[in-house]
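What follows is work_21.tsv (TSV, C-alpha atoms and all ligand atoms).
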chain	number	residue	atom	x	y	z
A	16	MET	CA	15.05	11.37	-2.36
A	17	GLN	CA	12.56	14.09	-1.54
A	18	ALA	CA	9.53	12.89	0.43
A	19	ILE	CA	5.90	13.70	-0.25
A	20	VAL	CA	4.77	12.10	3.01
A	21	THR	CA	6.82	11.61	6.16
A	22	ILE	CA	5.39	9.33	8.84
A	23	GLU	CA	7.01	9.50	12.26
A	24	ASN	CA	6.52	7.26	15.30
A	25	LEU	CA	3.06	6.17	14.22
A	26	THR	CA	1.43	3.91	16.80
A	27	ILE	CA	-2.01	2.40	16.22
A	28	SER	CA	-3.81	0.14	18.69
A	29	PHE	CA	-7.03	-1.86	18.79
A	30	SER	CA	-8.74	-2.49	22.13
A	31	SER	CA	-11.13	-5.30	22.86
A	32	MET	CA	-12.46	-7.06	25.95
A	33	TYR	CA	-9.25	-9.12	25.91
A	34	GLY	CA	-7.01	-6.07	26.08
A	35	LYS	CA	-5.08	-3.87	23.72
A	36	ASN	CA	-3.22	-4.96	20.57
A	37	TYR	CA	-0.66	-2.83	18.81
A	38	ALA	CA	-1.19	-3.10	15.03
A	39	VAL	CA	1.51	-0.48	14.27
A	40	ARG	CA	4.34	0.49	16.63
A	41	ASN	CA	6.54	3.58	16.34
A	42	LEU	CA	6.56	3.31	12.58
A	43	SER	CA	8.60	5.89	10.68
A	44	LEU	CA	8.57	5.92	6.90
A	45	GLN	CA	8.92	8.30	3.97
A	46	ILE	CA	6.98	8.06	0.72
A	47	PRO	CA	9.29	9.48	-1.96
A	48	ARG	CA	7.95	12.21	-4.24
A	49	ALA	CA	7.06	11.11	-7.80
A	50	LYS	CA	8.29	7.59	-7.06
A	51	THR	CA	6.77	4.31	-5.87
A	52	LEU	CA	7.22	2.88	-2.40
A	53	GLY	CA	6.36	-0.81	-2.08
A	54	LEU	CA	5.14	-1.76	1.42
A	55	VAL	CA	5.47	-5.51	1.79
A	56	GLY	CA	4.61	-7.91	4.60
A	57	GLU	CA	2.49	-10.85	5.67
A	58	SER	CA	-1.22	-10.71	6.33
A	59	GLY	CA	-1.98	-8.89	9.59
A	60	CYS	CA	1.34	-7.03	9.87
A	61	GLY	CA	-0.36	-3.61	9.71
A	62	LYS	CA	0.03	-2.48	6.08
A	63	SER	CA	-3.58	-1.43	5.54
A	64	VAL	CA	-4.07	0.37	8.85
A	65	THR	CA	-0.87	2.31	8.19
A	66	ALA	CA	-2.26	3.39	4.81
A	67	TYR	CA	-5.71	4.13	6.21
A	68	SER	CA	-4.23	6.37	8.88
A	69	LEU	CA	-3.17	8.90	6.19
A	70	LEU	CA	-6.81	9.55	5.35
A	71	HIS	CA	-8.28	9.07	8.87
A	72	LEU	CA	-9.87	5.81	7.74
A	73	VAL	CA	-8.54	3.47	10.46
A	74	PRO	CA	-11.54	1.26	11.29
A	75	LYS	CA	-13.02	1.35	14.78
A	76	PRO	CA	-12.01	0.39	17.47
A	77	GLY	CA	-8.60	1.39	16.09
A	78	VAL	CA	-6.98	4.41	17.70
A	79	ILE	CA	-3.97	6.38	16.51
A	80	GLU	CA	-2.13	6.73	19.80
A	81	LYS	CA	0.75	8.87	18.65
A	82	GLY	CA	2.84	9.99	15.75
A	83	SER	CA	2.73	12.49	12.94
A	84	ILE	CA	2.11	12.21	9.20
A	85	MET	CA	3.48	15.25	7.40
A	86	TYR	CA	2.14	15.93	3.91
A	87	ASN	CA	3.29	19.20	2.30
A	88	ASP	CA	3.98	20.84	5.70
A	89	MET	CA	0.63	19.71	7.09
A	90	ASN	CA	0.23	17.10	9.81
A	91	LEU	CA	-2.59	14.94	8.44
A	92	LEU	CA	-3.27	13.50	11.89
A	93	GLN	CA	-4.12	16.95	13.22
A	94	CYS	CA	-6.08	18.13	10.19
A	95	PRO	CA	-9.70	19.10	10.78
A	96	ASP	CA	-12.17	16.71	9.09
A	97	ALA	CA	-13.21	19.38	6.55
A	98	THR	CA	-9.61	19.82	5.35
A	99	LEU	CA	-9.13	16.09	5.14
A	100	GLN	CA	-12.33	15.73	3.16
A	101	SER	CA	-10.91	18.04	0.52
A	102	ILE	CA	-7.58	16.16	0.46
A	103	ARG	CA	-9.24	12.75	0.09
A	104	GLY	CA	-9.59	11.84	-3.56
A	105	LYS	CA	-8.28	15.20	-4.75
A	106	ASN	CA	-4.70	15.12	-3.44
A	107	ILE	CA	-4.45	11.61	-2.05
A	108	ALA	CA	-6.51	8.87	-3.68
A	109	MET	CA	-6.83	5.22	-2.77
A	110	ILE	CA	-7.70	2.00	-4.58
A	111	PHE	CA	-8.63	-1.16	-2.77
A	112	GLN	CA	-8.14	-4.87	-3.19
A	113	GLU	CA	-11.66	-5.87	-4.25
A	114	PRO	CA	-13.24	-3.43	-6.71
A	115	MET	CA	-16.69	-5.00	-6.36
A	116	THR	CA	-16.96	-3.71	-2.79
A	117	SER	CA	-15.89	-0.18	-3.81
A	118	LEU	CA	-18.12	0.17	-6.89
A	119	ASN	CA	-21.84	0.66	-6.43
A	120	PRO	CA	-23.65	-2.18	-8.29
A	121	VAL	CA	-26.72	-0.07	-9.20
A	122	PHE	CA	-24.91	2.68	-11.14
A	123	THR	CA	-22.97	2.44	-14.41
A	124	ILE	CA	-19.22	2.83	-14.18
A	125	GLY	CA	-19.48	5.95	-16.34
A	126	TYR	CA	-21.86	7.51	-13.83
A	127	GLN	CA	-19.60	6.63	-10.89
A	128	VAL	CA	-16.35	7.81	-12.45
A	129	GLN	CA	-18.04	10.98	-13.70
A	130	GLU	CA	-19.32	11.68	-10.18
A	131	ALA	CA	-15.69	11.82	-9.02
A	132	VAL	CA	-14.75	14.00	-12.01
A	133	GLU	CA	-17.56	16.47	-11.32
A	134	LEU	CA	-16.82	16.58	-7.61
A	135	HIS	CA	-13.13	17.32	-8.00
A	136	LEU	CA	-12.80	19.20	-11.28
A	137	HIS	CA	-16.04	21.24	-11.34
A	138	LEU	CA	-16.56	20.64	-15.07
A	139	ARG	CA	-19.87	21.15	-16.88
A	140	LYS	CA	-21.86	17.93	-17.59
A	141	ALA	CA	-20.87	17.54	-21.27
A	142	GLU	CA	-17.20	18.28	-20.56
A	143	ALA	CA	-17.24	15.95	-17.57
A	144	LYS	CA	-18.61	13.14	-19.72
A	145	ASP	CA	-15.89	13.57	-22.37
A	146	TYR	CA	-13.27	13.75	-19.64
A	147	THR	CA	-14.66	10.56	-18.02
A	148	ILE	CA	-14.60	8.63	-21.31
A	149	ALA	CA	-11.01	9.76	-21.92
A	150	LEU	CA	-10.14	8.68	-18.38
A	151	LEU	CA	-11.67	5.20	-18.90
A	152	GLY	CA	-9.62	4.92	-22.09
A	153	LYS	CA	-6.47	5.98	-20.26
A	154	ALA	CA	-7.11	3.28	-17.68
A	155	GLY	CA	-7.04	0.77	-20.55
A	156	ILE	CA	-10.78	0.07	-20.87
A	157	PRO	CA	-11.49	-0.82	-24.50
A	158	ASN	CA	-14.38	1.01	-26.24
A	159	PRO	CA	-14.69	3.47	-23.37
A	160	SER	CA	-17.63	5.37	-24.90
A	161	SER	CA	-19.80	2.24	-24.84
A	162	ARG	CA	-18.29	0.84	-21.61
A	163	TYR	CA	-19.31	4.13	-20.00
A	164	TYR	CA	-22.84	2.64	-19.88
A	165	SER	CA	-21.81	-0.74	-18.38
A	166	TYR	CA	-22.75	-1.78	-14.85
A	167	PRO	CA	-20.00	-3.22	-12.64
A	168	HIS	CA	-21.38	-6.79	-12.93
A	169	GLU	CA	-21.07	-6.56	-16.73
A	170	LEU	CA	-17.30	-6.12	-16.48
A	171	SER	CA	-14.55	-8.64	-15.75
A	172	GLY	CA	-12.55	-8.28	-12.53
A	173	GLY	CA	-9.66	-6.70	-14.46
A	174	LEU	CA	-11.92	-4.10	-16.13
A	175	ARG	CA	-13.57	-3.31	-12.78
A	176	GLN	CA	-10.15	-2.65	-11.28
A	177	ARG	CA	-9.37	-0.40	-14.28
A	178	ALA	CA	-12.60	1.50	-13.60
A	179	MET	CA	-11.47	1.95	-9.98
A	180	ILE	CA	-8.12	3.24	-11.20
A	181	ALA	CA	-9.90	5.70	-13.52
A	182	MET	CA	-11.98	6.91	-10.57
A	183	ALA	CA	-8.91	7.29	-8.35
A	184	LEU	CA	-7.12	9.28	-11.05
A	185	ALA	CA	-10.10	11.58	-11.73
A	186	ALA	CA	-8.56	14.52	-9.91
A	187	LYS	CA	-4.92	13.81	-10.88
A	188	PRO	CA	-3.92	13.07	-7.26
A	189	GLU	CA	-0.39	13.77	-6.08
A	190	LEU	CA	-0.30	10.48	-4.18
A	191	LEU	CA	-2.03	7.22	-5.04
A	192	ILE	CA	-2.35	4.55	-2.36
A	193	ALA	CA	-2.96	1.14	-3.92
A	194	ASP	CA	-3.78	-1.46	-1.24
A	195	GLU	CA	-3.24	-4.91	-2.77
A	196	PRO	CA	-4.79	-3.75	-6.07
A	197	THR	CA	-4.20	-7.03	-7.89
A	198	THR	CA	-4.73	-9.73	-5.26
A	199	ALA	CA	-8.20	-10.64	-6.55
A	200	LEU	CA	-7.03	-10.94	-10.18
A	201	ASP	CA	-5.43	-13.77	-12.12
A	202	VAL	CA	-1.74	-13.57	-12.94
A	203	THR	CA	-1.84	-12.18	-16.51
A	204	ILE	CA	-4.38	-9.49	-15.61
A	205	GLN	CA	-2.32	-8.77	-12.48
A	206	SER	CA	0.72	-7.83	-14.52
A	207	GLN	CA	-1.36	-5.71	-16.93
A	208	ILE	CA	-2.79	-3.72	-14.02
A	209	LEU	CA	0.69	-3.27	-12.51
A	210	ASP	CA	2.03	-2.09	-15.87
A	211	LEU	CA	-0.85	0.37	-16.09
A	212	LEU	CA	-0.19	1.72	-12.58
A	213	LEU	CA	3.50	2.09	-13.36
A	214	THR	CA	2.83	3.90	-16.66
A	215	LEU	CA	0.34	6.28	-15.03
A	216	GLN	CA	2.62	6.93	-12.07
A	217	LYS	CA	5.49	7.86	-14.37
A	218	SER	CA	3.47	9.92	-16.89
A	219	GLN	CA	1.68	11.90	-14.20
A	220	HIS	CA	4.76	12.22	-11.92
A	221	MET	CA	2.58	10.81	-9.18
A	222	SER	CA	3.82	9.33	-5.92
A	223	MET	CA	2.53	5.85	-5.20
A	224	LEU	CA	2.30	3.69	-2.09
A	225	LEU	CA	1.86	0.15	-3.36
A	226	ILE	CA	0.88	-2.36	-0.69
A	227	THR	CA	1.28	-6.09	-1.23
A	228	HIS	CA	2.19	-9.30	0.57
A	229	ASP	CA	4.09	-10.48	-2.51
A	230	LEU	CA	7.66	-9.25	-3.05
A	231	GLY	CA	7.52	-10.49	-6.65
A	232	ILE	CA	4.81	-7.94	-7.42
A	233	VAL	CA	6.78	-4.87	-6.41
A	234	ALA	CA	10.05	-5.98	-8.01
A	235	ASN	CA	9.37	-4.23	-11.31
A	236	VAL	CA	7.20	-1.42	-10.03
A	237	ALA	CA	8.64	0.03	-6.82
A	238	ASP	CA	11.65	2.35	-6.54
A	239	VAL	CA	11.99	1.73	-2.81
A	240	ILE	CA	10.80	-1.26	-0.78
A	241	ALA	CA	9.88	-1.28	2.90
A	242	ILE	CA	9.46	-4.67	4.56
A	243	MET	CA	6.99	-4.64	7.45
A	244	TYR	CA	6.69	-7.19	10.22
A	245	ALA	CA	4.40	-7.15	13.27
A	246	GLY	CA	3.67	-3.43	13.08
A	247	GLU	CA	7.17	-2.15	12.35
A	248	ILE	CA	9.51	-1.65	9.40
A	249	VAL	CA	12.26	-4.28	9.55
A	250	GLU	CA	14.14	-3.35	6.38
A	251	ILE	CA	14.02	-0.52	3.87
A	252	ALA	CA	16.15	0.14	0.80
A	253	PRO	CA	15.96	0.95	-2.91
A	254	THR	CA	14.47	-2.00	-4.84
A	255	LYS	CA	17.72	-3.14	-6.49
A	256	GLU	CA	19.53	-3.05	-3.16
A	257	ILE	CA	16.77	-5.08	-1.44
A	258	PHE	CA	16.92	-7.78	-4.11
A	259	ASN	CA	20.73	-7.92	-4.39
A	260	ASN	CA	21.69	-7.36	-0.81
A	261	PHE	CA	18.83	-8.12	1.59
A	262	LEU	CA	19.95	-8.35	5.18
A	263	HIS	CA	16.99	-9.22	7.42
A	264	PRO	CA	16.17	-12.92	7.93
A	265	TYR	CA	12.49	-12.09	7.36
A	266	THR	CA	13.27	-10.46	3.99
A	267	GLN	CA	15.31	-13.55	3.18
A	268	GLY	CA	12.26	-15.69	4.04
A	269	LEU	CA	10.04	-13.58	1.76
A	270	MET	CA	12.60	-13.86	-1.06
A	271	SER	CA	12.66	-17.63	-0.84
A	272	CYS	CA	8.85	-17.67	-1.09
A	273	ILE	CA	8.99	-16.19	-4.63
A	274	PRO	CA	8.50	-19.07	-7.07
A	275	SER	CA	11.20	-19.41	-9.73
A	276	LEU	CA	11.21	-21.22	-13.08
A	277	HIS	CA	14.96	-21.70	-12.93
A	278	LYS	CA	15.42	-23.27	-9.49
A	279	LYS	CA	14.47	-26.94	-9.18
A	280	THR	CA	12.52	-27.34	-5.93
A	281	LYS	CA	9.90	-29.87	-4.93
A	282	ARG	CA	8.06	-27.51	-2.59
A	283	LEU	CA	7.91	-23.75	-2.23
A	284	ALA	CA	9.65	-22.42	0.89
A	285	THR	CA	7.58	-21.13	3.82
A	286	ILE	CA	8.45	-19.13	6.92
A	287	PRO	CA	7.40	-21.24	9.90
A	288	GLY	CA	5.08	-19.55	12.43
A	289	THR	CA	2.76	-16.58	12.11
A	290	VAL	CA	2.84	-12.82	12.73
A	291	PRO	CA	2.45	-12.40	16.52
A	292	ILE	CA	-0.26	-10.25	18.05
A	293	ILE	CA	1.58	-7.62	20.07
A	294	SER	CA	-0.23	-6.72	23.27
A	295	LYS	CA	2.89	-5.57	25.09
A	296	PRO	CA	6.04	-4.43	23.28
A	297	PRO	CA	8.54	-7.32	23.60
A	298	ALA	CA	11.87	-6.91	25.36
A	299	GLY	CA	13.93	-7.87	22.31
A	300	CYS	CA	13.55	-8.56	18.60
A	301	VAL	CA	9.95	-9.31	17.56
A	302	PHE	CA	11.04	-11.71	14.81
A	303	TYR	CA	13.19	-13.81	17.19
A	304	PRO	CA	10.65	-16.68	17.65
A	305	ARG	CA	10.71	-17.32	13.87
A	306	CYS	CA	14.35	-16.49	13.19
A	307	TYR	CA	16.92	-19.15	12.27
A	308	ARG	CA	19.78	-16.79	13.07
A	309	GLY	CA	18.73	-15.45	16.48
A	310	ASP	CA	20.42	-16.10	19.83
A	311	ALA	CA	20.22	-14.79	23.41
A	312	ASN	CA	21.75	-11.45	22.39
A	313	CYS	CA	18.60	-10.70	20.39
A	314	LEU	CA	16.45	-10.72	23.51
A	315	HIS	CA	18.16	-7.99	25.60
A	316	ALA	CA	16.67	-4.80	24.18
A	317	PRO	CA	14.33	-3.64	21.41
A	318	VAL	CA	16.20	-3.49	18.12
A	319	SER	CA	16.15	-0.20	16.25
A	320	LEU	CA	16.64	0.36	12.52
A	321	ILE	CA	20.37	0.32	11.83
A	322	GLN	CA	21.84	2.21	8.87
A	323	LYS	CA	23.87	-0.23	6.76
A	324	ASN	CA	24.56	1.34	3.38
A	325	LYS	CA	23.36	4.61	1.95
A	326	ASP	CA	19.53	4.43	2.00
A	327	HIS	CA	19.60	0.88	3.42
A	328	ARG	CA	18.38	0.33	6.98
A	329	VAL	CA	17.68	-2.93	8.77
A	330	ARG	CA	16.28	-3.91	12.19
A	331	CYS	CA	18.58	-6.83	13.03
A	332	ILE	CA	21.68	-6.97	15.21
A	333	LYS	CA	22.99	-9.96	13.24
A	334	ALA	CA	22.76	-8.32	9.84
A	401	LIG	N1	-11.34	-3.77	12.49
A	401	LIG	C1	-10.40	-4.28	13.27
A	401	LIG	N2	-10.68	-4.69	14.53
A	401	LIG	C2	-9.72	-5.18	15.35
A	401	LIG	N3	-8.44	-5.30	15.00
A	401	LIG	C3	-8.08	-4.93	13.76
A	401	LIG	C4	-9.04	-4.40	12.83
A	401	LIG	N4	-8.39	-4.09	11.67
A	401	LIG	C5	-7.10	-4.43	11.88
A	401	LIG	N5	-6.92	-4.92	13.13
A	401	LIG	C6	-5.63	-5.35	13.71
A	401	LIG	O1	-4.60	-4.71	13.03
A	401	LIG	C7	-3.66	-5.66	12.52
A	401	LIG	C8	-3.19	-5.18	11.18
A	401	LIG	O2	-4.27	-5.20	10.24
A	401	LIG	P1	-4.09	-4.77	8.73
A	401	LIG	O3	-5.43	-4.87	8.10
A	401	LIG	O4	-3.40	-3.48	8.65
A	401	LIG	O5	-3.13	-5.91	8.17
A	401	LIG	P2	-2.54	-6.07	6.71
A	401	LIG	O6	-1.06	-6.08	6.82
A	401	LIG	O7	-3.15	-5.07	5.81
A	401	LIG	O8	-3.01	-7.54	6.32
A	401	LIG	P3	-3.60	-8.12	4.94
A	401	LIG	O9	-2.40	-8.45	4.09
A	401	LIG	O10	-4.35	-9.34	5.35
A	401	LIG	O11	-4.49	-7.08	4.32
A	401	LIG	C9	-4.41	-6.98	12.47
A	401	LIG	O12	-3.57	-8.06	12.72
A	401	LIG	C10	-5.40	-6.83	13.61
A	401	LIG	O13	-4.80	-7.24	14.80
A	402	MG	MG	-4.49	-5.18	4.22
Give the structure from this file in structure tokens form.
Amino acid sequence: MQAIVTIENLTISFSSMYGKNYAVRNLSLQIPRAKTLGLVGESGCGKSVTAYSLLHLVPKPGVIEKGSIMYNDMNLLQCPDATLQSIRGKNIAMIFQEPMTSLNPVFTIGYQVQEAVELHLHLRKAEAKDYTIALLGKAGIPNPSSRYYSYPHELSGGLRQRAMIAMALAAKPELLIADEPTTALDVTIQSQILDLLLTLQKSQHMSMLLITHDLGIVANVADVIAIMYAGEIVEIAPTKEIFNNFLHPYTQGLMSCIPSLHKKTKRLATIPGTVPIISKPPAGCVFYPRCYRGDANCLHAPVSLIQKNKDHRVRCIKA
């Protein structure tokens, strides 16, 4: 698969009065061109800061210590701010988890989406308005010409997220980063929004980085899935391969957390423990304290990603 973005050895740390924490450690990852990469992991494992680093949006006091992020022969991490400003929204767009915090409550959604259209496409006012209404319709907003005049609080959560999607797609970006775009929505709306993202990704031949903590969500949407744990990728493979032949005990844990109508269980499975805060890179496997399969051999040296099958790599010596 050809890559649109290649991340290599990305390391991001946060310093506080208690010392330094590594949110992302030596992370290498490729986002395939015109396909969807699902980035999956528990809360706090570093998914968002990885995504933010592409657009220089890592929140302070976060620091990108090392690494490179190549996008069309350009290292985004070394781009001057002016260049990045022109890439943001136009080439690489992002949608966030909670649309209410990204939409301005005092302007209509038409006004806000049209602002993005005018900024990126340099259309005249009348053309920009028609384009905006078409865009709202494309994002699945019913009666777009009247919804154009609605304020964010007049829309349901699902319609607000559709307005955000319309705004992100204003400039026909090459890459869309969707950071937990459906977490704040109920289940039926969630699947509608995912269907919409998938349809738009395919019809516009866009690349998509879809971030979620729920493996069930990416099952039907992603072409490739990367499982992240404590700041590093622990398993990566095409979606079918991940579901049929997962190898890492953490992936196995995530799989057993997906509720099923067919299996009779009294309680949903959990993975005991929490994601550790890494202040000093551990000697051995980071997942060891939560792993049912680990033994003393896992503690000797850091575990690197091991190639298993074609396109399937896993960070586990027992796999
Ligand atoms: N503003 C911040 N200040 C200090 N530390 C931060 C900040 N933002 C992130 N971190 C650190 O980076 C780690 C990764 O955060 P990140 O937001 O990327 O997690 P995530 O995988 O996106 O989680 P979630 O699923 O909850 O969104 C956190 O565990 C935390 O230690
Ligand atoms: Mg996040």
*Around ligand MG 402 (chain A), at most 12 Å away and counting all atoms listed in the file, which residues are there? Put them as a ChimeraX atom specification, please.*
/A:38,54-67,73-74,110-113,192-196,198,225-228,243
*Of the candidates A:Ile204, A:Leu269, A:Val290, A:Ile46, which one gets nearest to ligand LIG 401 (chain A) if we count only C-alpha atoms and all ligand atoms?*
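When distances to ligand LIG 401 (chain A) are compared using only C-alpha atoms and all ligand atoms, the smallest one comes from A:Val290.
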*Can you work out which one of A:Gly152, A:Lys323, A:Gly77, A:Ile19 has the shortest atom-to-atom distance to Ser31 of chain A, counting all atoms listed in the file?*
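Closest to Ser31 of chain A of all the choices is A:Gly77.
The interatomic distance for the pair atom CA of Asp210 of chain A and atom CA of Val239 of chain A works out to 16.9 Å.
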Using only C-alpha atoms - which residues lie no farther than 10 Å from the point (-14.3, -2.5, -11.0) in the file's frame? Write them as a PDB file with C-alpha atoms, in the frame of the given file.
ATOM      1  CA  GLU A 113     -11.660  -5.870  -4.250  1.00  0.00           C
ATOM      2  CA  PRO A 114     -13.240  -3.430  -6.710  1.00  0.00           C
ATOM      3  CA  MET A 115     -16.690  -5.000  -6.360  1.00  0.00           C
ATOM      4  CA  THR A 116     -16.960  -3.710  -2.790  1.00  0.00           C
ATOM      5  CA  SER A 117     -15.890  -0.180  -3.810  1.00  0.00           C
ATOM      6  CA  LEU A 118     -18.120   0.170  -6.890  1.00  0.00           C
ATOM      7  CA  ASN A 119     -21.840   0.660  -6.430  1.00  0.00           C
ATOM      8  CA  PRO A 120     -23.650  -2.180  -8.290  1.00  0.00           C
ATOM      9  CA  ILE A 124     -19.220   2.830 -14.180  1.00  0.00           C
ATOM     10  CA  TYR A 166     -22.750  -1.780 -14.850  1.00  0.00           C
ATOM     11  CA  PRO A 167     -20.000  -3.220 -12.640  1.00  0.00           C
ATOM     12  CA  HIS A 168     -21.380  -6.790 -12.930  1.00  0.00           C
ATOM     13  CA  GLU A 169     -21.070  -6.560 -16.730  1.00  0.00           C
ATOM     14  CA  LEU A 170     -17.300  -6.120 -16.480  1.00  0.00           C
ATOM     15  CA  SER A 171     -14.550  -8.640 -15.750  1.00  0.00           C
ATOM     16  CA  GLY A 172     -12.550  -8.280 -12.530  1.00  0.00           C
ATOM     17  CA  GLY A 173      -9.660  -6.700 -14.460  1.00  0.00           C
ATOM     18  CA  LEU A 174     -11.920  -4.100 -16.130  1.00  0.00           C
ATOM     19  CA  ARG A 175     -13.570  -3.310 -12.780  1.00  0.00           C
ATOM     20  CA  GLN A 176     -10.150  -2.650 -11.280  1.00  0.00           C
ATOM     21  CA  ARG A 177      -9.370  -0.400 -14.280  1.00  0.00           C
ATOM     22  CA  ALA A 178     -12.600   1.500 -13.600  1.00  0.00           C
ATOM     23  CA  MET A 179     -11.470   1.950  -9.980  1.00  0.00           C
ATOM     24  CA  ILE A 180      -8.120   3.240 -11.200  1.00  0.00           C
ATOM     25  CA  ALA A 181      -9.900   5.700 -13.520  1.00  0.00           C
ATOM     26  CA  MET A 182     -11.980   6.910 -10.570  1.00  0.00           C
TER      27      MET A 182
END
